[in-house]
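Structure first, then comments.
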Amino acid sequence: MIEGRLVAVDLETTGLNPKTERILEIGAVLVENGEVKDRFSALIDPKRQISQRIVELTGITDEMVAGKPDIQEALPEFLKFCKDYPLLGHHIIFDYSFLKRAAVNQGYSFERTGIDTLAVCRKFIPENEKKNLQAACKWFQVQIEKSHRALEDALAAYRLYEAMEQKYGGKYPEVFSPKELKYKVKREHPASKRQKEVLQYLIKYHKINLSVQLDDLSKNEASRLTDQIISQYGRIQ
(Lines give C-alpha, C1' and ligand atoms only; values in the text may rest on other atoms or scores of the structure.)
Protein backbone atom coordinates (compact mmCIF):
# COMPACT_ATOMS: atom_id res chain seq x y z
CA MET A 1 0.00 0.00 0.00
CA ILE A 2 1.33 3.40 -0.93
CA GLU A 3 1.35 5.74 2.03
CA GLY A 4 -0.01 9.25 1.72
CA ARG A 5 -2.31 10.35 -1.08
CA LEU A 6 -2.69 9.59 -4.76
CA VAL A 7 -5.34 10.21 -7.40
CA ALA A 8 -6.49 7.40 -9.66
CA VAL A 9 -7.72 8.95 -12.90
CA ASP A 10 -9.31 7.86 -16.16
CA LEU A 11 -10.53 9.79 -19.20
CA GLU A 12 -12.97 9.15 -21.97
CA THR A 13 -11.95 10.99 -25.14
CA THR A 14 -13.13 11.56 -28.71
CA GLY A 15 -10.11 9.62 -29.99
CA LEU A 16 -6.58 8.51 -29.21
CA ASN A 17 -4.40 11.45 -30.31
CA PRO A 18 -4.13 14.26 -27.72
CA LYS A 19 -3.03 16.67 -30.48
CA THR A 20 -6.27 16.31 -32.41
CA GLU A 21 -8.86 14.83 -30.05
CA ARG A 22 -10.70 16.12 -26.98
CA ILE A 23 -11.59 15.01 -23.47
CA LEU A 24 -15.18 13.79 -23.04
CA GLU A 25 -15.16 12.77 -19.39
CA ILE A 26 -12.87 12.90 -16.37
CA GLY A 27 -13.23 10.43 -13.53
CA ALA A 28 -10.95 10.32 -10.50
CA VAL A 29 -10.76 8.98 -6.97
CA LEU A 30 -8.67 10.41 -4.16
CA VAL A 31 -7.00 7.65 -2.15
CA GLU A 32 -5.40 8.26 1.23
CA ASN A 33 -3.38 5.49 2.86
CA GLY A 34 -5.27 2.87 0.87
CA GLU A 35 -8.76 4.26 1.51
CA VAL A 36 -10.92 6.02 -1.08
CA LYS A 37 -11.69 9.44 0.41
CA ASP A 38 -13.31 11.40 -2.42
CA ARG A 39 -14.50 11.12 -6.03
CA PHE A 40 -14.55 13.45 -9.01
CA SER A 41 -16.66 12.98 -12.14
CA ALA A 42 -17.36 15.41 -14.96
CA LEU A 43 -18.82 15.08 -18.44
CA ILE A 44 -17.25 17.63 -20.80
CA ASP A 45 -18.52 19.26 -23.97
CA PRO A 46 -15.77 18.59 -26.56
CA LYS A 47 -17.17 21.25 -28.93
CA ARG A 48 -17.43 18.70 -31.71
CA GLN A 49 -19.63 15.81 -32.77
CA ILE A 50 -18.90 12.49 -31.08
CA SER A 51 -18.26 9.69 -33.58
CA GLN A 52 -20.50 6.63 -33.59
CA ARG A 53 -17.52 4.45 -32.69
CA ILE A 54 -16.91 6.43 -29.49
CA VAL A 55 -20.63 6.44 -28.66
CA GLU A 56 -20.66 2.64 -28.95
CA LEU A 57 -17.50 2.32 -26.85
CA THR A 58 -18.38 4.72 -24.03
CA GLY A 59 -22.13 5.20 -24.19
CA ILE A 60 -21.55 8.97 -24.17
CA THR A 61 -23.68 10.81 -26.74
CA ASP A 62 -23.84 14.36 -28.07
CA GLU A 63 -27.05 14.85 -26.08
CA MET A 64 -25.32 13.84 -22.84
CA VAL A 65 -22.58 16.47 -23.17
CA ALA A 66 -24.79 19.25 -24.55
CA GLY A 67 -24.78 22.11 -22.06
CA LYS A 68 -21.99 20.56 -19.96
CA PRO A 69 -18.85 22.58 -19.12
CA ASP A 70 -16.08 22.64 -21.69
CA ILE A 71 -12.53 21.71 -20.70
CA GLN A 72 -11.69 25.34 -19.89
CA GLU A 73 -14.36 25.29 -17.18
CA ALA A 74 -13.89 21.72 -15.94
CA LEU A 75 -10.11 21.51 -15.75
CA PRO A 76 -9.56 24.00 -12.88
CA GLU A 77 -11.96 21.96 -10.72
CA PHE A 78 -10.06 18.78 -11.49
CA LEU A 79 -6.69 20.43 -10.75
CA LYS A 80 -8.09 21.60 -7.43
CA PHE A 81 -9.21 18.04 -6.71
CA CYS A 82 -5.91 16.33 -7.54
CA LYS A 83 -3.55 19.04 -6.22
CA ASP A 84 0.03 17.82 -6.70
CA TYR A 85 -0.61 14.20 -5.69
CA PRO A 86 0.80 11.32 -7.75
CA LEU A 87 -1.51 10.05 -10.46
CA LEU A 88 -2.44 6.42 -11.04
CA GLY A 89 -4.03 4.88 -14.10
CA HIS A 90 -3.99 2.06 -16.61
CA HIS A 91 -1.62 3.35 -19.30
CA ILE A 92 -1.49 6.60 -17.33
CA ILE A 93 0.61 8.44 -19.93
CA PHE A 94 -2.44 8.46 -22.22
CA ASP A 95 -4.59 10.30 -19.68
CA TYR A 96 -1.67 12.48 -18.60
CA SER A 97 -0.97 13.61 -22.18
CA PHE A 98 -4.55 14.86 -22.63
CA LEU A 99 -4.63 16.51 -19.20
CA LYS A 100 -1.23 18.16 -19.57
CA ARG A 101 -2.06 19.52 -23.02
CA ALA A 102 -5.30 21.00 -21.69
CA ALA A 103 -3.51 22.40 -18.62
CA VAL A 104 -0.66 23.98 -20.58
CA ASN A 105 -3.14 25.55 -23.01
CA GLN A 106 -4.78 27.25 -20.04
CA GLY A 107 -1.49 28.45 -18.58
CA TYR A 108 -1.14 25.86 -15.82
CA SER A 109 1.95 23.87 -14.96
CA PHE A 110 1.16 20.17 -14.78
CA GLU A 111 4.26 18.17 -13.88
CA ARG A 112 3.39 14.94 -12.06
CA THR A 113 4.66 11.59 -10.92
CA GLY A 114 2.51 8.57 -11.55
CA ILE A 115 1.95 4.83 -11.33
CA ASP A 116 1.06 2.93 -14.49
CA THR A 117 -0.91 -0.21 -13.67
CA LEU A 118 -0.43 -1.42 -17.25
CA ALA A 119 3.36 -1.35 -16.78
CA VAL A 120 2.96 -3.21 -13.50
CA CYS A 121 0.73 -5.81 -15.18
CA ARG A 122 3.41 -6.46 -17.78
CA LYS A 123 5.72 -7.62 -15.00
CA PHE A 124 3.32 -10.08 -13.41
CA ILE A 125 0.89 -11.30 -16.11
CA PRO A 126 2.22 -13.79 -18.69
CA GLU A 127 3.27 -12.23 -21.98
CA ASN A 128 0.63 -14.03 -24.04
CA GLU A 129 -2.27 -12.83 -21.84
CA LYS A 130 -4.27 -9.66 -22.52
CA LYS A 131 -3.48 -6.75 -20.23
CA ASN A 132 -6.17 -4.18 -20.88
CA LEU A 133 -7.98 -2.98 -17.77
CA GLN A 134 -10.87 -5.41 -18.04
CA ALA A 135 -8.63 -8.42 -18.71
CA ALA A 136 -6.13 -7.47 -15.98
CA CYS A 137 -8.90 -7.03 -13.41
CA LYS A 138 -10.25 -10.45 -14.34
CA TRP A 139 -6.78 -11.97 -14.00
CA PHE A 140 -6.39 -10.55 -10.48
CA GLN A 141 -10.07 -11.17 -9.58
CA VAL A 142 -10.92 -7.48 -9.25
CA GLN A 143 -14.60 -6.74 -9.78
CA ILE A 144 -15.47 -3.97 -12.28
CA GLU A 145 -18.81 -2.22 -11.91
CA LYS A 146 -18.98 -0.78 -15.44
CA SER A 147 -16.22 -0.46 -18.04
CA HIS A 148 -15.50 2.44 -20.40
CA ARG A 149 -16.85 5.13 -18.11
CA ALA A 150 -14.23 7.29 -16.49
CA LEU A 151 -15.07 7.14 -12.78
CA GLU A 152 -15.64 3.39 -12.76
CA ASP A 153 -12.42 2.75 -14.70
CA ALA A 154 -10.43 5.03 -12.38
CA LEU A 155 -11.69 3.08 -9.38
CA ALA A 156 -11.01 -0.23 -11.14
CA ALA A 157 -7.43 0.85 -11.88
CA TYR A 158 -6.87 1.59 -8.20
CA ARG A 159 -8.42 -1.72 -7.11
CA LEU A 160 -6.17 -3.48 -9.63
CA TYR A 161 -3.14 -1.68 -8.22
CA GLU A 162 -4.22 -2.61 -4.71
CA ALA A 163 -4.57 -6.31 -5.62
CA MET A 164 -1.18 -6.44 -7.33
CA GLU A 165 0.56 -4.53 -4.55
CA GLN A 166 -0.83 -6.85 -1.89
CA LYS A 167 0.47 -9.85 -3.80
CA TYR A 168 3.84 -8.55 -5.01
CA GLY A 169 4.60 -5.30 -3.19
CA GLY A 170 6.61 -6.89 -0.42
CA LYS A 171 9.06 -8.43 -2.86
CA TYR A 172 9.05 -5.69 -5.53
CA PRO A 173 8.34 -2.39 -3.74
CA GLU A 174 10.07 -0.32 -6.42
CA VAL A 175 7.56 -1.49 -9.04
CA PHE A 176 4.72 0.14 -7.11
CA SER A 177 6.36 3.52 -6.50
CA PRO A 178 5.42 6.67 -8.48
CA LYS A 179 7.70 7.56 -11.38
CA GLU A 180 8.13 10.85 -13.21
CA LEU A 181 5.60 11.25 -16.02
CA LYS A 182 7.19 12.65 -19.17
CA TYR A 183 5.17 14.33 -21.90
CA LYS A 184 6.36 17.47 -23.67
CA VAL A 185 3.82 19.93 -24.97
CA LYS A 186 3.83 23.57 -26.08
CA ARG A 187 0.96 25.94 -25.50
CA GLU A 188 -1.34 26.21 -28.51
CA HIS A 189 -2.87 29.47 -29.66
CA PRO A 190 -6.42 30.02 -30.96
CA ALA A 191 -7.00 29.98 -34.69
CA SER A 192 -6.58 33.39 -36.29
CA LYS A 193 -9.43 35.35 -37.79
CA ARG A 194 -7.97 34.73 -41.26
CA GLN A 195 -7.76 30.96 -40.69
CA LYS A 196 -11.41 30.83 -39.64
CA GLU A 197 -12.47 32.92 -42.63
CA VAL A 198 -10.67 30.56 -45.02
CA LEU A 199 -12.26 27.55 -43.37
CA GLN A 200 -15.74 29.10 -43.47
CA TYR A 201 -15.33 29.82 -47.17
CA LEU A 202 -14.08 26.30 -47.92
CA ILE A 203 -16.96 24.77 -45.96
CA LYS A 204 -19.52 26.91 -47.78
CA TYR A 205 -17.95 26.37 -51.20
CA HIS A 206 -17.74 22.58 -50.87
CA LYS A 207 -21.04 22.34 -48.93
CA ILE A 208 -19.43 20.45 -46.06
CA ASN A 209 -21.25 19.56 -42.85
CA LEU A 210 -18.49 20.17 -40.30
CA SER A 211 -18.59 18.38 -36.94
CA VAL A 212 -16.33 20.85 -35.09
CA GLN A 213 -16.86 24.42 -33.90
CA LEU A 214 -14.49 26.83 -35.65
CA ASP A 215 -14.26 29.21 -32.71
CA ASP A 216 -12.83 26.41 -30.58
CA LEU A 217 -9.98 25.48 -32.94
CA SER A 218 -6.30 26.14 -32.28
CA LYS A 219 -4.00 27.44 -35.02
CA ASN A 220 -2.59 23.96 -35.58
CA GLU A 221 -6.04 22.36 -35.68
CA ALA A 222 -7.31 24.95 -38.15
CA SER A 223 -4.27 24.42 -40.35
CA ARG A 224 -4.69 20.63 -40.32
CA LEU A 225 -8.41 20.91 -41.03
CA THR A 226 -7.81 23.25 -43.96
CA ASP A 227 -5.26 20.83 -45.43
CA GLN A 228 -7.68 17.90 -44.97
CA ILE A 229 -10.51 19.70 -46.75
CA ILE A 230 -8.29 20.76 -49.67
CA SER A 231 -6.86 17.24 -49.93
CA GLN A 232 -10.32 15.65 -49.96
CA TYR A 233 -12.39 18.22 -51.89
CA GLY A 234 -9.85 20.32 -53.77
CA ARG A 235 -9.09 24.01 -53.78
CA ILE A 236 -11.60 26.74 -54.58
CA GLN A 237 -11.64 27.30 -58.36
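In the C-alpha coordinates, chains take letters A, B, ... by order of appearance, with residues numbered from 1 within each chain and ligands from 1 in the order shown.
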
For Glu165 in chain A, please output as a list in words all residues within 12 Å (counting only C-alpha atoms; exclusion window: fewer than 2 positions along the same chain). Met1, Ile2, Gly34, Ile115, Thr117, Val120, Cys121, Phe124, Phe140, Tyr158, Arg159, Leu160, Tyr161, Glu162, Ala163, Lys167, Tyr168, Gly169, Gly170, Lys171, Tyr172, Pro173, Glu174, Val175, Phe176 and Ser177 of chain A

Near Lys184 in chain A, counting only C-alpha atoms, which residues have an atom at most 10 Å away, once you skip same-chain residues fewer than 5 positions from it, shown as a list of chain:residue names? A:Ser97, A:Lys100, A:Arg101

What's the 9 Å shell around Leu225 in chain A, counting only C-alpha atoms, without same-chain residues fewer than 5 positions away, as a PyMOL selection string? chain A and resi 199+220+230

Suppose we keep C-alpha atoms; can you now write the selection as a short mmCIF file (atom, residue, chain, number, x, y, z; two decimals), in the first residue's frame?
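Dumped to part-v1.cif:
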```cif
data_model
loop_
_atom_site.label_atom_id
_atom_site.label_comp_id
_atom_site.auth_asym_id
_atom_site.auth_seq_id
_atom_site.Cartn_x
_atom_site.Cartn_y
_atom_site.Cartn_z
CA LEU A 199 -12.26 27.55 -43.37
CA ASN A 220 -2.59 23.96 -35.58
CA ILE A 230 -8.29 20.76 -49.67
#
```

Interatomic distance (Å, one decimal) between CA of Ala74 in chain A and CA of Val36 in chain A: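 Between CA of Ala74 in chain A and CA of Val36 in chain A the gap is 21.8 Å.
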
Selected residue of minimal separation from Arg22 in chain A among A:His189, A:Lys204, A:Arg48, A:Lys80, counting only C-alpha atoms: A:Arg48

DSSP helix (DSSP H, G or I) selection over range 60-119 of chain A, as an MDAnalysis selection string: chainID A and resid 62:65 71:82 92:105 117:119

List as a list of chain:residue names the protein and nucleic acid residues near Val198 in chain A, meaning an atom at most 12 Å away when only C-alpha atoms are counted, but skip any in the same chain fewer than 3 places from it.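 The filter keeps A:Ala191, A:Ser192, A:Lys193, A:Arg194, A:Gln195, A:Tyr201, A:Leu202, A:Ile203, A:Lys204, A:Tyr205, A:Leu214, A:Ala222, A:Ser223, A:Leu225, A:Thr226, A:Asp227, A:Ile229, A:Ile230, A:Arg235, A:Ile236.
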
Name the residues of chain A that come out as strand (DSSP E or B) in a backbone DSSP run; write them as number ranges by chain. A: 5-13, 23-32, 35-43, 48, 87-89, 113-116, 179-180, 190, 212, 218

Rank A:Cys82, A:Leu24, A:Val29, A:Leu87 by their smallest atom-to-atom distance to Val65 in chain A, using only C-alpha atoms, and report the top residue only.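 Using only C-alpha atoms, Val65 in chain A sits closest to A:Leu24.
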
Leaving out range 149-155 of chain A and any residue of its chain fewer than 4 positions from it, which residues lie within 9 Å of it when counting only C-alpha atoms, given as number ranges by chain? A: 7-12, 25-29, 36, 39-42, 58-60, 88-90, 133-134, 144-145, 159-160
